[in-house]
Each structure stands twice: as structure tokens, then as C-alpha cells.
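Structure file coords_21.txt (compact mmCIF, C-alpha atoms) is printed below.
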# COMPACT_ATOMS: atom_id res chain seq x y z
CA MET A 12 -42.08 -50.84 -56.09
CA SER A 13 -38.90 -49.06 -55.04
CA ARG A 14 -37.06 -47.00 -57.57
CA ARG A 15 -33.68 -48.15 -58.76
CA THR A 16 -30.67 -46.48 -57.20
CA ARG A 17 -29.55 -45.03 -60.53
CA THR A 18 -32.75 -42.95 -60.74
CA TYR A 19 -32.35 -41.24 -57.30
CA ASP A 20 -31.97 -37.45 -57.22
CA GLU A 21 -31.96 -34.70 -54.55
CA SER A 22 -35.75 -34.72 -54.36
CA ASP A 23 -35.53 -38.14 -52.74
CA VAL A 24 -33.42 -36.88 -49.78
CA ARG A 25 -35.47 -36.34 -46.61
CA ILE A 26 -34.49 -33.11 -44.80
CA ARG A 27 -35.02 -33.21 -41.04
CA PRO A 28 -36.60 -30.01 -39.66
CA SER A 29 -34.37 -27.92 -37.35
CA LYS A 30 -35.37 -26.93 -33.80
CA GLY A 31 -35.25 -23.23 -34.57
CA SER A 32 -34.60 -20.72 -37.26
CA ARG A 33 -31.98 -18.68 -35.35
CA PRO A 34 -28.37 -19.91 -35.28
CA ARG A 35 -26.92 -20.81 -31.88
CA THR A 36 -24.50 -18.27 -30.37
CA LYS A 37 -22.51 -17.76 -27.18
CA THR A 38 -22.79 -13.99 -27.43
CA ARG A 39 -24.75 -12.69 -24.48
CA PRO A 40 -26.72 -9.41 -24.31
CA ALA A 41 -24.64 -6.40 -23.25
CA HIS A 42 -27.47 -5.07 -21.03
CA ASN A 43 -26.45 -1.48 -21.68
CA ASP A 44 -29.79 -0.38 -20.29
CA ALA A 45 -29.23 -2.05 -16.90
CA GLU A 46 -29.95 0.17 -13.90
CA THR A 47 -27.29 0.53 -11.19
CA ALA A 48 -28.39 -0.67 -7.76
CA MET A 49 -26.96 -1.68 -4.38
CA VAL A 50 -27.52 -5.08 -2.79
CA VAL A 51 -29.08 -4.58 0.65
CA SER A 52 -30.08 -8.14 1.61
CA VAL A 53 -29.42 -11.77 0.69
CA ASP A 54 -31.92 -14.52 1.43
CA ARG A 55 -32.06 -18.02 -0.11
CA GLY A 56 -31.16 -17.21 -3.69
CA ARG A 57 -32.88 -13.84 -3.73
CA TRP A 58 -31.13 -10.49 -3.45
CA GLY A 59 -32.86 -7.32 -2.27
CA CYS A 60 -31.64 -4.25 -4.16
CA VAL A 61 -32.32 -0.52 -4.14
CA LEU A 62 -31.72 1.95 -6.96
CA HIS A 63 -29.30 4.79 -6.25
CA ASP A 64 -31.81 7.40 -7.36
CA ASP A 65 -34.72 5.82 -5.43
CA PRO A 66 -33.44 4.14 -2.23
CA ASP A 67 -36.93 3.69 -0.79
CA ARG A 68 -37.99 1.22 -3.50
CA ARG A 69 -36.97 -2.37 -2.66
CA ILE A 70 -36.52 -4.65 -5.68
CA VAL A 71 -36.30 -8.44 -5.36
CA THR A 72 -33.81 -9.93 -7.81
CA MET A 73 -32.25 -13.21 -8.85
CA ARG A 74 -28.83 -13.85 -10.31
CA ALA A 75 -28.78 -14.07 -14.12
CA ARG A 76 -27.70 -17.37 -15.61
CA GLU A 77 -24.64 -15.90 -17.32
CA LEU A 78 -23.20 -14.92 -13.91
CA GLY A 79 -22.98 -18.57 -12.91
CA ARG A 80 -21.86 -18.81 -9.29
CA THR A 81 -20.41 -15.30 -9.14
CA PRO A 82 -20.75 -14.31 -5.46
CA VAL A 83 -23.08 -11.38 -4.78
CA VAL A 84 -22.96 -9.92 -1.27
CA VAL A 85 -24.50 -6.99 0.60
CA GLY A 86 -22.95 -3.70 -0.47
CA ASP A 87 -22.26 -4.87 -4.02
CA ARG A 88 -22.97 -2.42 -6.84
CA VAL A 89 -24.85 -4.37 -9.50
CA GLY A 90 -26.63 -3.87 -12.80
CA ILE A 91 -30.25 -5.07 -12.83
CA VAL A 92 -32.83 -5.50 -15.60
CA GLY A 93 -36.45 -6.63 -15.77
CA ASP A 94 -39.36 -5.50 -13.61
CA LEU A 95 -37.93 -2.71 -11.44
CA SER A 96 -41.27 -1.55 -10.06
CA GLY A 97 -40.70 -3.20 -6.68
CA ARG A 98 -44.31 -4.41 -6.59
CA PRO A 99 -45.13 -7.67 -4.74
CA ASP A 100 -44.44 -10.89 -6.67
CA THR A 101 -42.18 -9.18 -9.21
CA LEU A 102 -38.64 -10.32 -9.94
CA ALA A 103 -35.69 -8.62 -11.66
CA ARG A 104 -32.30 -10.05 -12.65
CA ILE A 105 -28.75 -9.15 -11.62
CA VAL A 106 -26.76 -9.17 -14.85
CA ARG A 107 -23.56 -7.49 -13.76
CA VAL A 108 -21.47 -7.08 -10.58
CA GLU A 109 -19.27 -3.98 -10.51
CA GLU A 110 -15.68 -4.07 -9.30
CA ARG A 111 -15.51 -3.71 -5.50
CA ARG A 112 -13.78 -0.68 -3.99
CA THR A 113 -13.29 -2.29 -0.58
CA VAL A 114 -13.95 -5.74 0.84
CA LEU A 115 -14.26 -6.84 4.47
CA ARG A 116 -13.27 -10.50 4.60
CA ARG A 117 -12.80 -13.10 7.28
CA THR A 118 -12.00 -16.80 7.42
CA ALA A 119 -13.24 -19.44 9.86
CA ASP A 120 -9.75 -19.62 11.39
CA ASP A 121 -6.17 -18.74 10.54
CA THR A 122 -5.62 -21.96 8.56
CA ASP A 123 -8.82 -21.92 6.49
CA PRO A 124 -8.08 -20.77 2.90
CA TYR A 125 -11.76 -20.06 2.16
CA GLU A 126 -12.54 -16.35 2.47
CA ARG A 127 -16.00 -15.21 3.53
CA ILE A 128 -16.94 -11.74 2.34
CA VAL A 129 -18.83 -9.91 5.10
CA VAL A 130 -19.63 -6.76 3.13
CA ALA A 131 -18.46 -5.07 -0.08
CA ASN A 132 -17.82 -1.39 -0.87
CA ALA A 133 -18.11 -0.20 2.75
CA ASP A 134 -16.34 3.08 3.50
CA GLN A 135 -15.73 2.34 7.16
CA LEU A 136 -15.98 -0.36 9.81
CA VAL A 137 -17.46 0.30 13.25
CA ILE A 138 -16.20 -2.27 15.75
CA VAL A 139 -18.85 -2.43 18.47
CA THR A 140 -17.45 -3.52 21.83
CA ALA A 141 -19.08 -3.62 25.25
CA LEU A 142 -17.05 -2.38 28.21
CA ALA A 143 -18.64 -5.09 30.38
CA ASP A 144 -21.16 -7.94 30.16
CA PRO A 145 -19.61 -9.43 28.03
CA PRO A 146 -16.13 -8.12 28.89
CA PRO A 147 -14.15 -6.39 26.09
CA ARG A 148 -11.59 -8.48 24.22
CA THR A 149 -8.59 -6.74 22.74
CA GLY A 150 -7.87 -9.73 20.51
CA PHE A 151 -11.13 -9.40 18.61
CA VAL A 152 -10.68 -5.64 18.15
CA GLU A 153 -7.12 -6.17 16.89
CA ARG A 154 -8.29 -8.77 14.39
CA ALA A 155 -11.10 -6.54 13.16
CA LEU A 156 -8.59 -3.71 12.78
CA ALA A 157 -6.30 -5.93 10.72
CA ALA A 158 -9.19 -6.96 8.43
CA ALA A 159 -10.24 -3.31 8.02
CA TYR A 160 -6.72 -2.15 7.15
CA ALA A 161 -6.27 -5.00 4.66
CA GLY A 162 -9.68 -4.40 3.07
CA GLY A 163 -9.38 -0.64 2.68
CA LEU A 164 -11.97 0.37 5.31
CA ALA A 165 -11.49 3.13 7.88
CA PRO A 166 -11.88 1.52 11.34
CA ILE A 167 -13.80 3.11 14.23
CA LEU A 168 -14.09 1.70 17.75
CA CYS A 169 -17.56 2.13 19.29
CA LEU A 170 -17.87 1.37 23.01
CA THR A 171 -21.24 0.42 24.50
CA LYS A 172 -22.43 -0.19 28.09
CA SER A 173 -20.38 2.75 29.32
CA ASP A 174 -22.52 2.83 32.47
CA LEU A 175 -20.86 -0.42 33.61
CA ASP A 176 -17.18 0.51 33.29
CA ASP A 177 -14.82 3.35 32.41
CA PRO A 178 -13.53 3.27 28.80
CA ASP A 179 -10.11 4.87 29.39
CA GLU A 180 -8.22 1.71 30.34
CA PHE A 181 -9.44 -0.25 27.32
CA VAL A 182 -8.92 2.63 24.87
CA ALA A 183 -5.31 2.98 26.02
CA ASN A 184 -4.50 -0.28 24.19
CA PHE A 185 -4.98 1.45 20.82
CA VAL A 186 -3.90 5.05 21.43
CA ASP A 187 -0.83 4.93 19.15
CA LEU A 188 -2.82 3.58 16.18
CA ASP A 189 -4.72 6.88 15.80
CA LEU A 190 -7.93 4.88 16.06
CA ARG A 191 -11.08 6.98 16.27
CA VAL A 192 -13.10 6.06 19.37
CA VAL A 193 -16.72 6.96 20.14
CA VAL A 194 -18.71 6.07 23.26
CA ALA A 195 -22.37 5.18 22.62
CA GLY A 196 -23.87 3.63 25.72
CA ARG A 197 -27.59 3.66 26.47
CA ASP A 198 -27.33 6.95 28.36
CA ASP A 199 -24.90 8.59 25.91
CA ALA A 200 -25.89 10.85 23.05
CA ILE A 201 -25.18 9.42 19.62
CA ASP A 202 -24.80 12.72 17.77
CA GLU A 203 -21.08 12.15 17.20
CA LEU A 204 -21.65 8.67 15.82
CA GLN A 205 -24.46 9.90 13.56
CA GLY A 206 -22.11 12.52 12.14
CA ILE A 207 -19.47 9.84 11.44
CA LEU A 208 -21.98 7.65 9.60
CA ALA A 209 -23.58 10.40 7.50
CA HIS A 210 -23.25 9.99 3.72
CA LYS A 211 -21.24 6.76 4.02
CA LEU A 212 -21.77 3.01 3.85
CA THR A 213 -20.68 1.64 7.22
CA ALA A 214 -20.44 -1.96 8.42
CA LEU A 215 -21.05 -2.72 12.09
CA ILE A 216 -19.48 -5.85 13.58
CA GLY A 217 -19.15 -7.19 17.08
CA HIS A 218 -19.58 -10.19 19.33
CA SER A 219 -23.11 -11.25 20.21
CA GLY A 220 -24.46 -9.43 23.25
CA VAL A 221 -22.40 -6.23 22.94
CA GLY A 222 -25.47 -4.12 22.13
CA LYS A 223 -25.00 -3.85 18.37
CA SER A 224 -28.68 -4.39 17.51
CA THR A 225 -29.72 -1.97 20.26
CA LEU A 226 -27.38 0.61 18.75
CA VAL A 227 -28.79 -0.01 15.26
CA ASN A 228 -32.33 0.56 16.56
CA ARG A 229 -31.22 3.93 17.96
CA LEU A 230 -29.59 4.91 14.67
CA VAL A 231 -32.44 3.60 12.49
CA PRO A 232 -35.70 3.87 14.49
CA ASP A 233 -37.66 1.89 11.90
CA ALA A 234 -35.18 -1.00 11.82
CA ASP A 235 -36.83 -2.97 14.65
CA ARG A 236 -33.82 -5.29 14.99
CA ALA A 237 -34.25 -8.07 17.56
CA THR A 238 -32.27 -7.69 20.79
CA GLY A 239 -31.30 -10.20 23.45
CA ILE A 240 -29.53 -10.62 26.76
CA VAL A 241 -26.15 -12.00 27.73
CA SER A 242 -26.08 -15.59 28.93
CA GLY A 243 -24.77 -16.67 32.32
CA VAL A 244 -21.39 -17.67 30.85
CA GLY A 245 -20.67 -14.16 29.56
CA LYS A 246 -21.64 -14.68 25.93
CA GLY A 247 -24.42 -13.00 24.03
CA ARG A 248 -27.13 -14.85 22.17
CA HIS A 249 -27.35 -14.40 18.41
CA THR A 250 -30.17 -12.03 17.45
CA SER A 251 -29.11 -10.81 13.97
CA THR A 252 -29.10 -13.84 11.66
CA GLN A 253 -27.93 -12.27 8.40
CA SER A 254 -26.31 -9.10 7.12
CA VAL A 255 -28.70 -6.38 6.01
CA VAL A 256 -28.17 -2.81 4.80
CA LEU A 257 -30.38 -0.24 6.53
CA PRO A 258 -30.88 3.40 5.47
CA LEU A 259 -30.14 6.11 8.01
CA PRO A 260 -32.76 8.85 8.34
CA ASP A 261 -32.54 11.22 5.37
CA ASP A 262 -30.99 14.54 6.42
CA GLY A 263 -31.99 16.27 3.20
CA GLY A 264 -28.77 15.36 1.42
CA ARG A 265 -27.08 12.16 0.39
CA ARG A 266 -28.29 9.32 2.61
CA GLY A 267 -26.00 7.18 4.74
CA TRP A 268 -26.32 3.41 5.19
CA VAL A 269 -25.36 0.96 7.93
CA VAL A 270 -24.79 -2.77 7.53
CA ASP A 271 -25.95 -4.76 10.55
CA THR A 272 -24.05 -8.06 10.57
CA PRO A 273 -24.65 -11.22 12.65
CA GLY A 274 -22.67 -11.56 15.88
CA ILE A 275 -19.22 -12.96 15.10
CA ARG A 276 -17.75 -15.81 17.15
CA SER A 277 -14.41 -16.01 15.35
CA PHE A 278 -12.43 -13.80 13.00
CA GLY A 279 -9.81 -15.69 11.03
CA LEU A 280 -7.16 -13.75 9.11
CA ALA A 281 -5.70 -16.37 6.78
CA HIS A 282 -6.03 -13.89 3.89
CA VAL A 283 -4.21 -10.97 5.55
CA THR A 284 -0.49 -10.25 5.11
CA PRO A 285 1.65 -7.92 7.28
CA ASP A 286 2.33 -5.63 4.30
CA GLN A 287 -1.42 -5.09 3.79
CA ILE A 288 -1.80 -3.87 7.36
CA ILE A 289 1.22 -1.56 7.27
CA ASP A 290 0.17 -0.18 3.88
CA ALA A 291 -2.80 1.50 5.60
CA PHE A 292 -0.44 3.97 7.33
CA ASP A 293 1.02 6.66 5.08
CA ASP A 294 4.09 7.25 7.21
CA LEU A 295 4.98 3.54 7.31
CA ARG A 296 4.17 2.52 3.73
CA ASP A 297 7.36 3.83 2.13
CA THR A 298 9.57 2.71 5.02
CA ILE A 299 8.97 -1.02 4.57
CA ALA A 300 10.24 -0.74 0.98
CA ASP A 301 13.73 -0.84 2.54
CA CYS A 302 13.03 -4.12 4.35
CA SER A 303 14.67 -7.29 3.11
CA ARG A 304 12.65 -9.80 1.10
CA GLY A 305 10.39 -11.88 3.33
CA CYS A 306 10.52 -9.48 6.28
CA THR A 307 7.58 -10.07 8.65
CA HIS A 308 8.09 -6.67 10.35
CA LEU A 309 7.86 -8.34 13.76
CA GLY A 310 11.31 -7.12 14.82
CA PRO A 311 13.99 -9.06 16.72
CA PRO A 312 14.70 -11.92 16.84
CA ALA A 313 12.70 -12.87 13.72
CA ASP A 314 13.65 -9.71 11.74
CA PRO A 315 16.64 -7.96 13.38
CA GLU A 316 17.04 -5.51 10.46
CA CYS A 317 13.43 -4.41 9.92
CA ALA A 318 13.28 -0.89 8.48
CA LEU A 319 10.54 0.10 10.96
CA ASP A 320 13.24 0.29 13.67
CA SER A 321 14.87 3.24 11.89
CA LEU A 322 11.88 5.55 12.51
CA ASP A 323 11.66 8.04 15.35
CA GLY A 324 9.10 10.32 16.95
CA PRO A 325 5.37 9.70 16.39
CA SER A 326 6.10 7.45 13.43
CA HIS A 327 8.23 5.18 15.62
CA ARG A 328 5.49 4.92 18.24
CA ARG A 329 2.96 4.10 15.54
CA ALA A 330 5.33 1.52 14.02
CA MET A 331 5.73 -0.18 17.39
CA ALA A 332 1.94 -0.17 17.88
CA VAL A 333 1.46 -1.74 14.47
CA ARG A 334 4.16 -4.29 15.28
CA GLU A 335 2.31 -5.25 18.47
CA LEU A 336 -0.86 -5.54 16.39
CA LEU A 337 0.93 -7.89 13.98
CA ARG A 338 2.28 -9.98 16.83
CA SER A 339 -1.15 -10.17 18.42
CA VAL A 340 -3.07 -11.29 15.34
CA THR A 341 -0.44 -13.89 14.42
CA ALA A 342 -0.11 -15.38 17.91
CA SER A 343 -3.34 -14.92 19.84
CA GLY A 344 -5.72 -17.02 17.77
CA ASN A 345 -9.30 -15.88 17.76
CA ASP A 346 -9.14 -14.68 21.36
CA GLU A 347 -12.25 -16.63 22.26
CA PRO A 348 -12.99 -17.58 25.87
CA VAL A 349 -13.61 -21.21 26.71
CA GLU A 350 -17.30 -22.04 26.95
CA ALA A 351 -18.22 -22.72 30.56
CA PRO A 352 -19.81 -26.15 31.14
CA THR A 353 -23.52 -26.18 31.83
CA THR A 354 -24.91 -27.74 34.99
CA ASP A 355 -28.36 -29.10 35.75

Take the structure in the file and write it out as C-alpha cells.
Amino acid sequence: MSRRTRTYDESDVRIRPSKGSRPRTKTRPAHNDAETAMVVSVDRGRWGCVLHDDPDRRIVTMRARELGRTPVVVGDRVGIVGDLSGRPDTLARIVRVEERRTVLRRTADDTDPYERIVVANADQLVIVTALADPPPRTGFVERALAAAYAGGLAPILCLTKSDLDDPDEFVANFVDLDLRVVVAGRDDAIDELQGILAHKLTALIGHSGVGKSTLVNRLVPDADRATGIVSGVGKGRHTSTQSVVLPLPDDGGRRGWVVDTPGIRSFGLAHVTPDQIIDAFDDLRDTIADCSRGCTHLGPPADPECALDSLDGPSHRRAMAVRELLRSVTASGNDEPVEAPTTD
């Protein structure tokens, strides 16, 4: 028979067991013991990393849950924990992404607000351009320059296929920008380029077919990057399918790295402002402080009182070259040739 209500006490209360003895908390581990590494590859939810004190050991990692959808790209400095042995079938975790020093970005076109990060923390950008087959395009070089200036990278123009055409005419388009130019055709020595890349993280970009992968194989003999030929309509076929960081041969000191990127068809600059480009030049940075609010620095008729017009000497020539660069990247689109129709 059931007991009367008046005789109930606390011994009659049923206590449901809890799921665990530890209280729930949103406090995450600090991971103070995380090792610093650099991301060298990205492939389907897995990131290849190397430790700064042991660059020959490749560690496969995943993104820790607490990072959510935080983007992790090649060149990122990250903190990793877990199995760092690099042995097959082992997996570590990325628990922290350090602040980026530089970022090379592009958008699909000039109206697309979504920025795609090509590489992080690169010291310099080598713009690989063929002098022929496919023909060089000033528009692409100008857009790459604008992205480099805005992202904090030092730009370098590298000309390939020098046996097919003379570089002087093309180089003349950029003479007033103080752009460093190096020629690295098949028959040219690459000692100068190797010296430029030493001890730095360098991104290489260029249209498909310009010889970028061939150049990477010369710089990194063990890279074995796939190469292709130029199609009959003057465009190269894609051979590099994803960005990857490759170590340059160790010269006994601090090692340099190159980032081989896929061939780029378009280079949108929706994220770049004129002030970001001009800010890359020391002698022009302070001058634009005297410009009126909203000045585009394009000169008359849009901006008849732009402060850049008050300069003289080498600074004036550089200002006019930068102005032409601004006009080009805001008016020329992606400078892509029309695809020729195929015939049977």
C-alpha cells in the first residue's frame, strides 16, 4: 500500500543520476605548449605543416573545433598540438592562427566582395610573365602589383621565354615604379633570382603557360611540378592545381621558401583602395595627406586639385606612374583575351 502524503520525507525523492561528475564550462585550453609551425599545403580539410626548427618533417593536421570556420591558408603561422612525429597515419590539431604580417588577396572580379586569400605572411611576390607564347599582358602585371602594394609584399617581375622576344620594350612600361626585374628564361642563369629568394617566403603567380612550374622545378629540383604546353589559342593549360609551399635548397643558413600557386585566369581588386597602393611608396605617402576628402588621385578631370601634382623630379615621375597604374586597374578589367572559338 502507498504511504500517506503526510509521511513523505526526503528519502522518498528519487534523484536522477547526472551524465558526468565535472561541471560544464566554456573555458577552452590555453594550449601554452603548442608548437609554432607554418602551413605548407591545404587539401580537403587537412593542412600540411612544418615546424620552424625542423622544416624537413611534414605534419598532417586538422583544424581544432574551437577555431570553427577560421580560414587557414598556406603561409599561415599556426600553433599545433598532438602527435607531431610526422609518421604516417598520425594527425595533429591546429589550435591557433597567428596574426598575419602580409596577405595577398584577390577577388573573382572587381564587383565581387568575397576576398580569396592566395597566401599569407609572404615577404615578396614574384610575378612570372612570359615574353611570348602566351604574349605578356600589362594589365595582369599591373593588377598583381596593386595587390602586392595593398598587401604589404615587395613585388618582383620575372620574365620567362626570353629566347622568343626582347624584354626591354615590355619592361619600359614599369620603369618609373622602381620595380625590380629579373630575366629567367630556359637559357638564362637563375643565380640572381636565387639570391632574391634566399631566406624569404616568396609567392609566385602568373597566367597558365608562362613557365612558372618549369621555373619552380629549376629552383627546387626535388619539386617535380607538372608542366604543360600552351594551347593553340594562346592560353596555357592548368598544371598546378593548388598552392603549395616548397623549401629552397638549404644554403647552410636560414632556408628560403617559394609558394607555387595555380595559374590565375582573373585578378579582381574589389578589396584594394587607391590609398593602399600609394602608401607603398615612401615619397608619396605623406603627400596624399594634403588631398581633399574622397580624392581618387587620378588627376584631372576627376580630381583637379590632387596633391600628387605638386611633386617634382623623380617623385613626380613616380607619382604619374602610380596614377597610370591606378587608372589601369580601375578601367581595364581583368585584361583577359577573348577565348577563340574551337573548330572541328

For the interface of segment 255-291 of chain A with segment 152-155 of chain A (cut-off 9 Å, counting all atoms listed in the file), please tabulate each contacting residue of segment 255-291 of chain A alongside its nearest pair of atoms and their separation in Å to one decimal, rows sorted by chain and increasing number, as a Markdown table.
| residue | atom | partner | partner_atom | distance |
| --- | --- | --- | --- | --- |
| A:Phe278 | CA | A:Arg154 | CA | 6.7 |
| A:Gly279 | CA | A:Arg154 | CA | 7.8 |
| A:Leu280 | CA | A:Arg154 | CA | 7.3 |

For this session: Pull the neighbourhood of (5.7, 8.4, 7.4) for me: all residues within 12 Å in file coordinates, counting all atoms listed in the file, as a VMD selection string.
Result: chain A and resid 289 to 299 319 321 to 330

Create the file for the chosen residues now, containing C-alpha atoms and written as an mmCIF file, in the coordinates of the input.
data_model
loop_
_atom_site.group_PDB
_atom_site.id
_atom_site.type_symbol
_atom_site.label_atom_id
_atom_site.label_comp_id
_atom_site.auth_asym_id
_atom_site.auth_seq_id
_atom_site.Cartn_x
_atom_site.Cartn_y
_atom_site.Cartn_z
ATOM 1 C CA ILE A 289 1.220 -1.560 7.270
ATOM 2 C CA ASP A 290 0.170 -0.180 3.880
ATOM 3 C CA ALA A 291 -2.800 1.500 5.600
ATOM 4 C CA PHE A 292 -0.440 3.970 7.330
ATOM 5 C CA ASP A 293 1.020 6.660 5.080
ATOM 6 C CA ASP A 294 4.090 7.250 7.210
ATOM 7 C CA LEU A 295 4.980 3.540 7.310
ATOM 8 C CA ARG A 296 4.170 2.520 3.730
ATOM 9 C CA ASP A 297 7.360 3.830 2.130
ATOM 10 C CA THR A 298 9.570 2.710 5.020
ATOM 11 C CA ILE A 299 8.970 -1.020 4.570
ATOM 12 C CA LEU A 319 10.540 0.100 10.960
ATOM 13 C CA SER A 321 14.870 3.240 11.890
ATOM 14 C CA LEU A 322 11.880 5.550 12.510
ATOM 15 C CA ASP A 323 11.660 8.040 15.350
ATOM 16 C CA GLY A 324 9.100 10.320 16.950
ATOM 17 C CA PRO A 325 5.370 9.700 16.390
ATOM 18 C CA SER A 326 6.100 7.450 13.430
ATOM 19 C CA HIS A 327 8.230 5.180 15.620
ATOM 20 C CA ARG A 328 5.490 4.920 18.240
ATOM 21 C CA ARG A 329 2.960 4.100 15.540
ATOM 22 C CA ALA A 330 5.330 1.520 14.020
#

Problem set entry | Contacts of segment 130-139 of chain A within 7 Å, only C-alpha atoms, excl. fewer than 3 positions in-chain, as a list in words | Val84, Val85, Gly86, Asp87, Arg111, Arg112, Thr113, Val114, Leu115, Val152, Ala159, Leu164, Ala165, Pro166, Ile167, Leu168, Cys169, Leu170, Lys211, Leu212, Thr213, Ala214, Leu215, Ile216, Gly217, Val221 and Lys223 of chain A

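Among A:Ala143, A:Ala45, A:Ala158, A:Leu226, the residue with the shortest atom-to-atom distance to Ile201 of chain A, counting only C-alpha atoms, is A:Leu226.
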
Exercise. List as a ChimeraX atom specification: which residues have an atom within 7 Å of (-26.9, -6.7, 1.2), counting only C-alpha atoms?
Worked result: /A:50-53,59,84-86,254-256

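Atom pair atom CA of Asp64 of chain A / atom CA of Arg76 of chain A has a distance of 26.4 Å (rounded to one decimal).
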
Seminar exercise, completed: Between atom CA of Thr149 of chain A and atom CA of Val333 of chain A lies a distance of 13.9 Å

Exercise. Excluding same-chain residues fewer than 4 positions from Arg107 of chain A, what lies within 10 Å of it counting all atoms listed in the file, as a PyMOL selection string?
Worked result: chain A and resi 41-42+45-47+74-75+77-78+81+83+88-92

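Distance check against Ile275 of chain A using all atoms listed in the file: of A:Ala119, A:Val108, A:Ala103, A:Val61, the minimum falls on A:Ala119.
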
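Once Ser339 of chain A and its same-chain neighbours fewer than 2 positions away are set aside, Thr149, Gly150, Phe151, Val152, Glu153, Arg154, Ala155, Leu156, Ala157, Asn184, Leu280, Pro285, Leu309, Ala332, Val333, Arg334, Glu335, Leu336, Leu337, Thr341, Ala342, Ser343, Gly344, Asn345 and Asp346 of chain A remain within 12 Å of it when counting all atoms listed in the file.
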
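Proximity to Gly163 of chain A was assessed for A:Val182, A:Cys60, A:Cys302, A:Ile288 counting all atoms listed in the file; the smallest distance is recorded for A:Ile288.
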